[in-house]
file target00.cif (mmCIF, C-alpha atoms and all ligand atoms)
data_input
#
loop_
_atom_site.label_atom_id
_atom_site.label_comp_id
_atom_site.auth_asym_id
_atom_site.auth_seq_id
_atom_site.Cartn_x
_atom_site.Cartn_y
_atom_site.Cartn_z
CA MET A 1 71.14 61.07 72.86
CA VAL A 2 73.44 62.10 70.03
CA PRO A 3 75.60 64.97 71.20
CA GLN A 4 75.75 68.13 69.11
CA VAL A 5 79.22 69.06 70.31
CA SER A 6 82.08 66.98 71.68
CA ILE A 7 84.78 68.66 73.71
CA VAL A 8 88.07 66.79 73.34
CA ILE A 9 90.65 67.34 76.08
CA PRO A 10 94.08 65.63 76.19
CA LEU A 11 95.47 65.36 79.70
CA TYR A 12 98.95 64.59 80.94
CA ASN A 13 99.60 64.77 84.69
CA GLU A 14 96.75 67.20 85.17
CA SER A 15 95.29 65.90 88.44
CA GLU A 16 95.87 69.29 90.08
CA VAL A 17 93.80 71.19 87.57
CA LEU A 18 91.21 68.50 86.82
CA PRO A 19 88.66 69.39 89.58
CA GLN A 20 88.57 73.01 88.36
CA LEU A 21 88.30 71.88 84.76
CA VAL A 22 85.39 69.54 85.46
CA ASP A 23 83.70 72.24 87.51
CA ARG A 24 83.92 74.80 84.68
CA ILE A 25 82.75 72.26 82.11
CA ASN A 26 79.84 71.07 84.25
CA LYS A 27 78.67 74.67 84.63
CA LEU A 28 78.93 75.11 80.88
CA ILE A 29 77.06 71.90 80.05
CA ASN A 30 74.33 72.49 82.62
CA SER A 31 73.56 75.97 81.35
CA SER A 32 73.81 75.14 77.68
CA PRO A 33 70.84 74.47 75.38
CA LEU A 34 73.13 72.14 73.40
CA THR A 35 73.79 68.48 74.11
CA ILE A 36 77.47 68.24 74.85
CA GLU A 37 79.74 65.28 75.48
CA VAL A 38 83.26 65.45 76.80
CA VAL A 39 86.06 63.15 75.67
CA LEU A 40 88.84 63.07 78.23
CA VAL A 41 92.07 61.48 77.05
CA ASP A 42 94.72 60.39 79.51
CA ASP A 43 98.10 60.52 77.80
CA GLY A 44 99.92 58.07 80.06
CA SER A 45 99.89 60.30 83.14
CA ARG A 46 102.08 59.38 86.07
CA ASP A 47 99.83 61.01 88.64
CA ASN A 48 96.26 59.89 89.21
CA THR A 49 94.67 61.72 86.27
CA ALA A 50 93.65 58.39 84.71
CA GLU A 51 91.92 57.18 87.91
CA GLN A 52 90.11 60.50 88.29
CA ILE A 53 88.72 60.55 84.77
CA GLN A 54 87.71 56.89 84.93
CA ARG A 55 85.77 57.50 88.10
CA LEU A 56 84.05 60.47 86.52
CA SER A 57 83.08 58.70 83.31
CA LEU A 58 81.69 55.73 85.24
CA ILE A 59 79.16 57.93 87.03
CA ASP A 60 78.46 60.62 84.43
CA ALA A 61 77.44 59.53 80.93
CA ARG A 62 78.32 62.93 79.47
CA TYR A 63 81.98 62.14 79.99
CA GLN A 64 83.75 59.39 78.11
CA CYS A 65 87.36 58.55 78.72
CA VAL A 66 90.19 57.15 76.66
CA ILE A 67 93.22 55.89 78.56
CA LEU A 68 96.33 55.54 76.40
CA ALA A 69 98.91 52.84 77.00
CA ARG A 70 101.72 55.35 77.56
CA ASN A 71 102.66 58.99 77.03
CA TYR A 72 102.45 59.60 73.27
CA GLY A 73 102.55 63.40 73.42
CA HIS A 74 99.81 65.97 72.98
CA PRO A 75 99.24 65.68 69.18
CA LEU A 76 98.63 61.93 69.37
CA ALA A 77 96.51 62.17 72.51
CA LEU A 78 94.43 64.71 70.67
CA THR A 79 94.21 62.38 67.67
CA ALA A 80 92.94 59.59 69.95
CA GLY A 81 90.33 61.96 71.35
CA LEU A 82 89.15 63.00 67.89
CA ALA A 83 88.83 59.36 66.87
CA ALA A 84 86.65 58.71 69.94
CA ALA A 85 84.32 61.62 69.23
CA THR A 86 82.40 59.87 66.48
CA ALA A 87 78.83 61.02 66.92
CA SER A 88 78.73 64.80 67.29
CA GLU A 89 78.24 67.35 64.52
CA ALA A 90 81.12 69.50 65.72
CA VAL A 91 84.16 68.99 67.92
CA MET A 92 85.79 71.54 70.16
CA ILE A 93 89.45 71.01 71.03
CA ILE A 94 90.79 72.49 74.25
CA ASP A 95 93.74 72.09 76.59
CA GLY A 96 93.15 70.69 80.04
CA ASP A 97 94.78 73.54 81.93
CA LEU A 98 91.98 76.09 81.34
CA GLN A 99 94.21 78.37 79.30
CA ASP A 100 91.51 78.06 76.66
CA PRO A 101 88.17 79.14 78.12
CA PRO A 102 85.60 76.36 77.45
CA GLU A 103 82.85 79.02 77.62
CA LEU A 104 83.76 80.14 74.10
CA LEU A 105 81.92 77.02 72.92
CA HIS A 106 78.74 78.96 72.23
CA ASP A 107 80.47 81.63 70.14
CA PHE A 108 82.30 78.92 68.21
CA TYR A 109 79.11 76.95 67.68
CA GLU A 110 77.37 80.08 66.41
CA LEU A 111 80.14 80.54 63.83
CA TYR A 112 79.89 76.86 62.95
CA LYS A 113 76.15 77.25 62.38
CA GLN A 114 76.92 80.15 60.05
CA GLY A 115 78.64 77.69 57.77
CA ASN A 116 82.26 77.67 58.97
CA ASP A 117 84.03 74.31 59.12
CA VAL A 118 86.95 75.43 61.23
CA ILE A 119 86.81 78.11 63.89
CA TYR A 120 90.35 78.55 65.17
CA ALA A 121 91.17 80.66 68.18
CA VAL A 122 93.77 83.38 67.66
CA ARG A 123 95.69 84.53 70.71
CA LYS A 124 95.59 88.29 71.08
CA LYS A 125 97.51 88.20 74.33
CA ARG A 126 99.26 85.48 76.24
CA LYS A 127 99.80 85.43 79.94
CA GLU A 128 103.13 83.67 79.76
CA GLY A 129 106.83 84.39 80.31
CA ALA A 130 108.53 86.90 77.98
CA LEU A 131 110.95 84.34 76.53
CA LYS A 132 108.21 81.85 75.71
CA LYS A 133 106.08 84.60 74.14
CA PHE A 134 109.01 85.75 72.02
CA ALA A 135 109.82 82.18 70.93
CA TYR A 136 106.21 81.48 69.90
CA HIS A 137 105.89 84.82 68.14
CA THR A 138 109.06 84.29 66.11
CA PHE A 139 108.36 80.64 65.33
CA TYR A 140 104.87 81.29 63.93
CA ARG A 141 106.19 84.06 61.71
CA ILE A 142 109.07 81.98 60.38
CA LEU A 143 106.77 79.03 59.73
CA LYS A 144 104.26 81.23 57.93
CA SER A 145 106.94 82.67 55.66
CA ILE A 146 108.36 79.27 54.65
CA SER A 147 105.25 77.09 54.66
CA TYR A 148 103.42 76.03 51.52
CA ILE A 149 100.08 76.38 53.29
CA ASP A 150 98.80 79.52 54.90
CA ILE A 151 98.86 78.56 58.58
CA PRO A 152 97.19 81.38 60.52
CA LEU A 153 99.45 83.32 62.88
CA ASP A 154 99.23 82.80 66.66
CA SER A 155 96.66 80.02 66.48
CA GLY A 156 97.13 76.74 68.30
CA ASP A 157 94.95 73.66 68.46
CA PHE A 158 92.17 75.44 70.37
CA SER A 159 89.35 75.36 67.86
CA MET A 160 86.01 73.95 66.81
CA VAL A 161 85.88 71.77 63.72
CA SER A 162 82.94 70.36 61.80
CA ARG A 163 82.17 66.67 61.40
CA ARG A 164 83.58 66.53 57.90
CA VAL A 165 86.88 68.07 59.04
CA VAL A 166 87.14 65.60 61.94
CA ASP A 167 86.46 62.73 59.55
CA VAL A 168 89.27 63.87 57.25
CA LEU A 169 91.64 64.34 60.20
CA ASN A 170 90.81 60.82 61.39
CA LYS A 171 91.65 59.43 57.98
CA MET A 172 95.00 61.21 57.66
CA PRO A 173 97.59 58.51 58.34
CA GLU A 174 100.59 60.70 59.07
CA GLU A 175 102.71 59.61 61.94
CA SER A 176 104.26 62.94 62.89
CA ARG A 177 101.24 65.12 63.43
CA TYR A 178 101.16 68.88 63.42
CA VAL A 179 97.41 69.10 63.92
CA ARG A 180 97.04 72.86 63.39
CA GLY A 181 98.83 72.50 60.05
CA MET A 182 96.77 69.48 59.02
CA ARG A 183 93.62 71.40 59.94
CA THR A 184 94.67 74.29 57.71
CA TRP A 185 95.66 71.94 54.88
CA ILE A 186 92.15 70.40 54.80
CA GLY A 187 90.53 73.66 53.73
CA PHE A 188 86.75 74.30 53.59
CA LYS A 189 85.64 77.51 55.26
CA GLN A 190 87.94 78.54 58.10
CA VAL A 191 87.61 81.56 60.32
CA GLY A 192 89.69 83.02 63.17
CA TYR A 193 88.31 84.08 66.56
CA GLU A 194 90.42 86.40 68.69
CA TYR A 195 90.71 85.76 72.40
CA GLU A 196 93.02 86.41 75.31
CA ARG A 197 94.83 83.34 76.47
CA ASP A 198 94.63 82.86 80.24
CA ALA A 199 97.41 81.64 82.45
CA ARG A 200 97.43 77.97 83.42
CA ALA A 201 94.87 77.34 86.20
CA ALA A 202 97.14 75.02 88.23
CA GLY A 203 100.34 73.02 87.95
CA ASP A 204 103.20 73.55 85.48
CA SER A 205 103.41 73.27 81.72
CA LYS A 206 103.41 69.66 80.51
CA TYR A 207 105.12 70.60 77.27
CA SER A 208 108.79 70.08 77.95
CA PHE A 209 111.34 71.96 75.85
CA LYS A 210 112.02 68.73 73.98
CA LYS A 211 108.33 68.26 73.15
CA LEU A 212 108.04 71.86 72.01
CA LEU A 213 111.09 71.45 69.77
CA LYS A 214 109.58 68.31 68.28
CA LEU A 215 106.36 70.18 67.59
CA ALA A 216 108.27 73.00 65.90
CA TYR A 217 110.24 70.51 63.77
CA ASN A 218 107.03 68.77 62.74
CA GLY A 219 105.57 72.11 61.68
CA ILE A 220 108.61 72.97 59.59
CA PHE A 221 109.40 69.58 58.06
CA ASN A 222 105.79 68.54 57.42
CA PHE A 223 104.52 71.80 55.98
CA SER A 224 107.48 73.38 54.24
CA GLU A 225 109.89 72.50 51.47
CA PHE A 226 112.28 75.12 52.78
CA PRO A 227 114.87 72.73 54.34
CA VAL A 228 115.46 70.80 51.09
CA LYS A 229 115.46 73.99 49.02
CA LEU A 230 117.97 75.41 51.46
CA ILE A 231 120.43 72.63 50.65
CA THR A 232 120.08 73.24 46.91
CA ASN A 233 120.54 76.97 47.40
CA MET A 234 123.59 76.49 49.61
CA GLY A 235 125.02 74.24 46.91
CA ILE A 236 124.42 76.84 44.21
CA ILE A 237 125.90 79.61 46.33
CA SER A 238 129.02 77.64 47.22
CA ILE A 239 129.63 76.64 43.59
CA SER A 240 129.23 80.28 42.51
CA VAL A 241 131.60 81.48 45.22
CA SER A 242 134.21 78.89 44.29
CA ILE A 243 134.06 79.91 40.62
CA ILE A 244 134.48 83.57 41.54
CA TYR A 245 137.39 82.60 43.77
CA LEU A 246 139.00 80.57 40.97
CA VAL A 247 138.73 83.46 38.52
CA THR A 248 140.29 85.90 41.02
CA VAL A 249 143.17 83.54 41.66
CA LEU A 250 143.79 83.03 37.92
CA VAL A 251 143.67 86.79 37.27
CA LYS A 252 146.11 87.37 40.14
CA LYS A 253 148.48 84.73 38.76
CA TYR A 254 148.48 85.60 35.05
CA VAL A 255 147.76 89.35 35.07
CA TYR A 256 149.49 90.51 38.25
CA HIS A 257 151.92 87.56 38.52
CA ASN A 258 151.10 87.15 42.20
CA VAL A 259 151.51 83.79 43.84
CA PRO A 260 148.08 82.95 45.38
CA GLU A 261 148.16 83.25 49.15
CA GLY A 262 145.86 80.78 50.74
CA PHE A 263 146.32 79.11 54.09
CA THR A 264 143.55 81.03 55.87
CA ALA A 265 141.21 80.76 52.88
CA LEU A 266 141.81 77.03 52.75
CA LEU A 267 141.14 76.48 56.42
CA PHE A 268 138.10 78.72 56.30
CA SER A 269 136.57 76.90 53.36
CA ILE A 270 137.23 73.47 54.85
CA ILE A 271 135.47 74.38 58.08
CA LEU A 272 132.63 76.17 56.31
CA PHE A 273 131.89 73.38 53.89
CA SER A 274 132.22 70.62 56.47
CA GLY A 275 129.52 72.47 58.34
CA VAL A 276 127.39 72.87 55.23
CA GLN A 277 127.72 69.16 54.46
CA LEU A 278 126.83 68.07 57.99
CA LEU A 279 123.82 70.38 57.97
CA SER A 280 122.70 69.00 54.61
CA LEU A 281 123.10 65.43 55.83
CA GLY A 282 121.11 66.29 58.93
CA ILE A 283 118.31 67.80 56.88
CA ILE A 284 118.17 64.82 54.52
CA GLY A 285 118.36 62.54 57.57
CA GLU A 286 115.34 64.27 59.04
CA TYR A 287 113.31 63.35 55.94
CA VAL A 288 114.66 59.78 55.88
CA LEU A 289 113.72 59.41 59.54
CA ARG A 290 110.20 60.59 58.80
CA ILE A 291 109.87 58.12 55.93
CA PHE A 292 111.30 55.38 58.15
CA PHE A 293 108.73 55.96 60.89
CA GLN A 294 105.90 56.33 58.40
CA VAL A 295 106.58 53.12 56.43
CA LYS A 296 106.58 51.03 59.58
CA GLY A 297 102.84 51.64 59.51
CA ARG A 298 102.48 51.20 63.25
CA PRO A 299 99.24 52.27 64.90
CA LEU A 300 99.57 55.90 65.99
CA TYR A 301 98.75 55.08 69.62
CA ILE A 302 97.42 52.20 71.71
CA VAL A 303 94.30 52.59 73.82
CA LYS A 304 94.45 50.76 77.13
CA LYS A 305 90.94 51.42 78.37
CA ARG A 306 87.80 53.16 77.19
CA ILE A 307 84.67 54.09 79.07
CA VAL A 308 81.60 55.19 77.11
CA ASN A 309 78.10 55.67 78.55
CA LYS A 310 79.33 54.70 82.00
CA GLU A 311 80.53 51.32 80.74
CA GLU A 312 83.91 49.94 79.87
CA VAL A 313 84.07 49.06 76.18
CA ASP A 314 86.55 47.25 73.94
CA PRO A 315 89.44 49.71 73.61
CA SER A 316 90.40 48.78 70.05
N1 LIG B 1 99.58 67.21 77.12
C1 LIG B 1 99.41 65.88 76.71
N2 LIG B 1 100.54 65.12 76.54
C2 LIG B 1 101.80 65.60 76.74
C3 LIG B 1 101.94 66.96 77.12
C4 LIG B 1 100.81 67.74 77.29
O1 LIG B 1 98.30 65.40 76.52
O2 LIG B 1 102.75 64.84 76.57
C5 LIG B 1 98.37 68.04 77.32
C6 LIG B 1 98.32 68.80 78.65
O3 LIG B 1 97.81 68.01 79.68
C7 LIG B 1 97.42 69.97 78.28
C8 LIG B 1 97.74 70.22 76.83
O4 LIG B 1 98.35 69.02 76.34
O5 LIG B 1 96.06 69.63 78.41
C9 LIG B 1 98.67 71.39 76.63
O6 LIG B 1 99.79 71.24 77.46
P1 LIG B 1 100.37 72.44 78.34
O7 LIG B 1 99.25 73.30 78.80
O8 LIG B 1 101.26 71.88 79.38
O9 LIG B 1 101.22 73.21 77.24
P2 LIG B 1 101.54 74.78 77.20
O10 LIG B 1 100.23 75.47 77.32
O11 LIG B 1 102.44 75.04 78.34
O12 LIG B 1 102.19 74.97 75.87
MG MG B 2 98.86 75.19 78.70
#
call {"tool": "encode", "arguments": {"input": "target00.cif", "output": "structure tokens"}}
result
Amino acid sequence: MVPQVSIVIPLYNESEVLPQLVDRINKLINSSPLTIEVVLVDDGSRDNTAEQIQRLSLIDARYQCVILARNYGHPLALTAGLAAATASEAVMIIDGDLQDPPELLHDFYELYKQGNDVIYAVRKKRKEGALKKFAYHTFYRILKSISYIDIPLDSGDFSMVSRRVVDVLNKMPEESRYVRGMRTWIGFKQVGYEYERDARAAGDSKYSFKKLLKLAYNGIFNFSEFPVKLITNMGIISISVSIIYLVTVLVKKYVYHNVPEGFTALLFSIILFSGVQLLSLGIIGEYVLRIFFQVKGRPLYIVKKRIVNKEEVDPS
């Protein structure tokens, strides 16, 4: 039977939370009038997440699993899941740790039926540490102010998207993926849905600081021209300042006959502009690096194993 909704869930070392997740989803599917399939993606877990989801998808046809060849990170695991959900009319994206309640599926589907292509969840409240909350809050506001697309505030990947949006996402070849930005960029009719984000059901966050930083960089560099413009503006400002400085020195020399004093100013400007130049090089380097990775044209991820309809299929 063709499913109406696919639920795509990327998983990395989630064996602790998996039984609870499957339990909640089973309850949801069993009580729902909709036909629902679940696409579980194992992102190179080191615990036995992969074994658990394989076992499940071999006995229950409503679950299909995609096992990736290594840990590619959440955005790519999600991309692999979206590519596997080919049949349904709408796809719901959730995290595996039950921070996003799967039960919202019906409300999302209702909004989808009303003609919305993207229903993105907006976090009203987060049950997380103060520092993390502050960092997220600030980051989203900075990104919004510098981005050339209008990325909604406090919304993550938790969403439901229509078939045509999934198809566009699947065709987008970009290597560094900031899925929530790509989703906004696509357009069509998008609507927010406010909810309270729960705490993680079990285990610890699988987003290391390094992964979070990478995500933030992808948001900024892929959806904003601000970094390049910053270099130009710094250039303009430093040229203006140096002209003003030159004029002051000349006035001092010819009008007041003062010898220009300058050791501190010299040292200061050397240090300042070395910093400015390194920063500029770094920013340009960031773009070069992105071009470098993109032109290689490597596949975004490699699938090691796939189980659909209780049977192992060709992973490619
Ligand atoms: N995840 C993944 N690959 C990774 C890191 C995380 O697939 O390299 C998954 C993880 O299993 C979870 C989701 O991405 O289902 C969100 O991760 P997490 O809940 O740890 O992030 P947080 O909520 O702490 O930001
Ligand atoms: Mg989480």
call {"tool": "residues_near_ligand", "arguments": {"input": "target00.cif", "ligand": "ligand MG 2 (chain B)", "cutoff": "12 Å", "atoms": "all atoms listed in the file", "output": "ChimeraX atom specification"}}
result
/A:9-12,14,17,74,94-101,126-128,132,156-158,197-208,212
call {"tool": "axis_aligned_box", "arguments": {"input": "target00.cif", "around": "ligand LIG 1 (chain B)", "padding_each_side": "3 Å", "output": "JSON"}}
result
{"center_x": 99.4, "center_y": 70.2, "center_z": 77.8, "size_x": 12.7, "size_y": 16.6, "size_z": 9.8}
call {"tool": "closest_residue", "arguments": {"input": "target00.cif", "among": "A:Gly297, A:Gly275, A:Pro75, A:Gly235", "to": "ligand LIG 1 (chain B)", "atoms": "all atoms listed in the file"}}
result
A:Pro75
call {"tool": "residues_around", "arguments": {"input": "target00.cif", "residues": "range 117-121 of chain A", "least_positions_apart": "3", "cutoff": "10 Å", "atoms": "all atoms listed in the file", "output": "JSON, numbers by chain"}}
result
{"A": [90, 91, 92, 93, 100, 104, 107, 108, 109, 110, 111, 112, 113, 114, 124, 152, 154, 155, 156, 157, 158, 159, 160, 161, 162, 163, 164, 165, 166, 180, 183, 184, 186, 187, 188, 189, 190, 191, 192, 193, 194, 195, 196, 197]}
call {"tool": "atom_distance", "arguments": {"input": "target00.cif", "atom1": "CA of Asn309 in chain A", "atom2": "CA of Val168 in chain A"}}
result
25.4 Å
call {"tool": "closest_residue", "arguments": {"input": "target00.cif", "among": "A:Met172, A:Val66, A:Leu266, A:Lys296", "to": "Val308 in chain A", "atoms": "all atoms listed in the file"}}
result
A:Val66
call {"tool": "atom_distance", "arguments": {"input": "target00.cif", "atom1": "CA of Asp42 in chain A", "atom2": "CA of Ile67 in chain A"}}
result
4.8 Å
call {"tool": "atom_distance", "arguments": {"input": "target00.cif", "atom1": "atom O3 of ligand LIG 1 (chain B)", "atom2": "CA of His137 in chain A"}}
result
21.9 Å
call {"tool": "closest_residue", "arguments": {"input": "target00.cif", "among": "A:Val41, A:Leu28, A:Leu82, A:Val251", "to": "Arg70 in chain A", "atoms": "all atoms listed in the file"}}
result
A:Val41
call {"tool": "residues_around", "arguments": {"input": "target00.cif", "residues": "range 218-227 of chain A", "least_positions_apart": "5", "cutoff": "6 Å", "atoms": "all atoms listed in the file", "output": "list in words"}}
result
Ile146, Ser147, Tyr148 and Tyr178 of chain A
call {"tool": "closest_residue", "arguments": {"input": "target00.cif", "among": "A:Pro299, A:Gly81, A:Pro19, A:Pro3", "to": "ligand LIG 1 (chain B)", "atoms": "only C-alpha atoms and all ligand atoms"}}
result
A:Gly81
